[in-house]
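Below is one structure, written out as C-alpha cells, with a few remarks after it.
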Amino acid sequence: SSTGSVVLPDEEAMVAFGQVIADASDAHGVIFLLGDLGMGKTTLSRGILRGCGHQGSVKSPTYTLVEPYAIGDKQVYHFDLYRLSDPEELEFLGIRDYFDEQALCLVEWPDKGRGILPQADLLLSIELEGQGRKLHWTAQTELGQAMADKLET
Ligand code: ADP
Ligand code: MG
C-alpha cells in the first residue's frame, strides 16, 4: 500500500522508528514532515539521522533553515522552513543543488517553500495519540513507494 501508519507512544519509539525510515530510504529521496509545533518532527528527523549513521547531536535548523550532514558517503539535509517568509529565499540558499544530489532531504514545514521545493517522495504526518503520537505515511513517487513497502509491519 502507498499509505500506512504506526503509533509511537514515546520519544524513544519515535527515534527508533526514524531508524526504520532511514533504512527504508537508503539515504536517498525527499521526505516532508508535517504536523503542528511540538508534534515531534525534529525528534523523528534525529532518529532518521541516527539511522543514517550520524552520531553527534542534531540541532533544530530553525534559524539556519537548513543543516547539512555528511555521514560517510551519505549526504543528508535537514530543513526547517518555519521562519521562511518567502519561498523565493530558498533560491538564495542554493537549495536546488541539494535536491539534485543523490541526497536525503528531510523538510519540516514544507508548505513554506511551496512552488520552489520539489515534490516529496514520502509524506510523514504526525498527530497526537493519547500521550504519544500517530505517524502516517503516504508515498508520492516510485521511490517513495519503495520506502513505504519497507515500512509495512
Ligand atoms: P517539532 O519538531 O514537531 O516541533 P519536536 O521534535 O521538537 O517537535 O518534539 C516536541 C516534543 O515532543 C519533545 O518534547 C519530544 O520529546 C516530544 N515527542 C516526540 N515524539 C514523541 C512521541 N512519539 N510521543 C510523545 N512525545 C514525543
Ligand atoms: Mg522542529
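As shown in the C-alpha cells, the chain order sets the letters A, B, ...; within each chain, residues go from 1, and ligands are also counted from 1 in the order they appear.
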**Request:** Would you list the residues that come within 12 Å of ligand 2? Count only C-alpha atoms and all ligand atoms and give the answer as JSON, numbers by chain.
**Result:** {"A": [33, 34, 35, 36, 37, 38, 39, 40, 41, 42, 43, 44, 45, 46, 58, 59, 60, 61, 62, 63, 65, 66, 78, 79, 80, 81, 82, 83, 106, 107, 108, 109, 110, 126]}
**Asked** How would you write, as a PyMOL selection string, the set of residues in chain A that DSSP gives as strand (DSSP E)?
**Response** chain A and resi 3-8+29-34+66-71+74-80+104-108+122-129+132-139
**Request:** Take CA of Asp111 (chain A) and CA of Glu89 (chain A) and report the distance between them in Å, one decimal.
**Result:**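 Straight-line distance from CA of Asp111 (chain A) to CA of Glu89 (chain A) works out to 13.7 Å.
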**Item:** Straight-line distance linking CA of Gln75 (chain A) with CA of Ala103 (chain A), stated in Å to one decimal
**Value:**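 One can read the CA of Gln75 (chain A) to CA of Ala103 (chain A) distance as 5.0 Å.
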**Prompt:** Given the choices A:Glu67, A:Glu127, A:Glu142, A:Asp100, which gets closest to ligand 1 if the distance is worked out from only C-alpha atoms and all ligand atoms?
**Reply:** A:Glu127
**Request:** May I ask for the distance between atom 22 (C, counted along the ligand's line) of ligand 1 and CA of Phe17 (chain A), given in Å to one decimal place?
**Result:**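 Result for atom 22 (C, counted along the ligand's line) of ligand 1 versus CA of Phe17 (chain A): 10.5 Å, one decimal.
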**Item:** Members of region 16-127 of chain A assigned alpha helix (DSSP H) by DSSP, as a ChimeraX atom specification
**Value:** /A:16-25,41-51,89-92,95-100
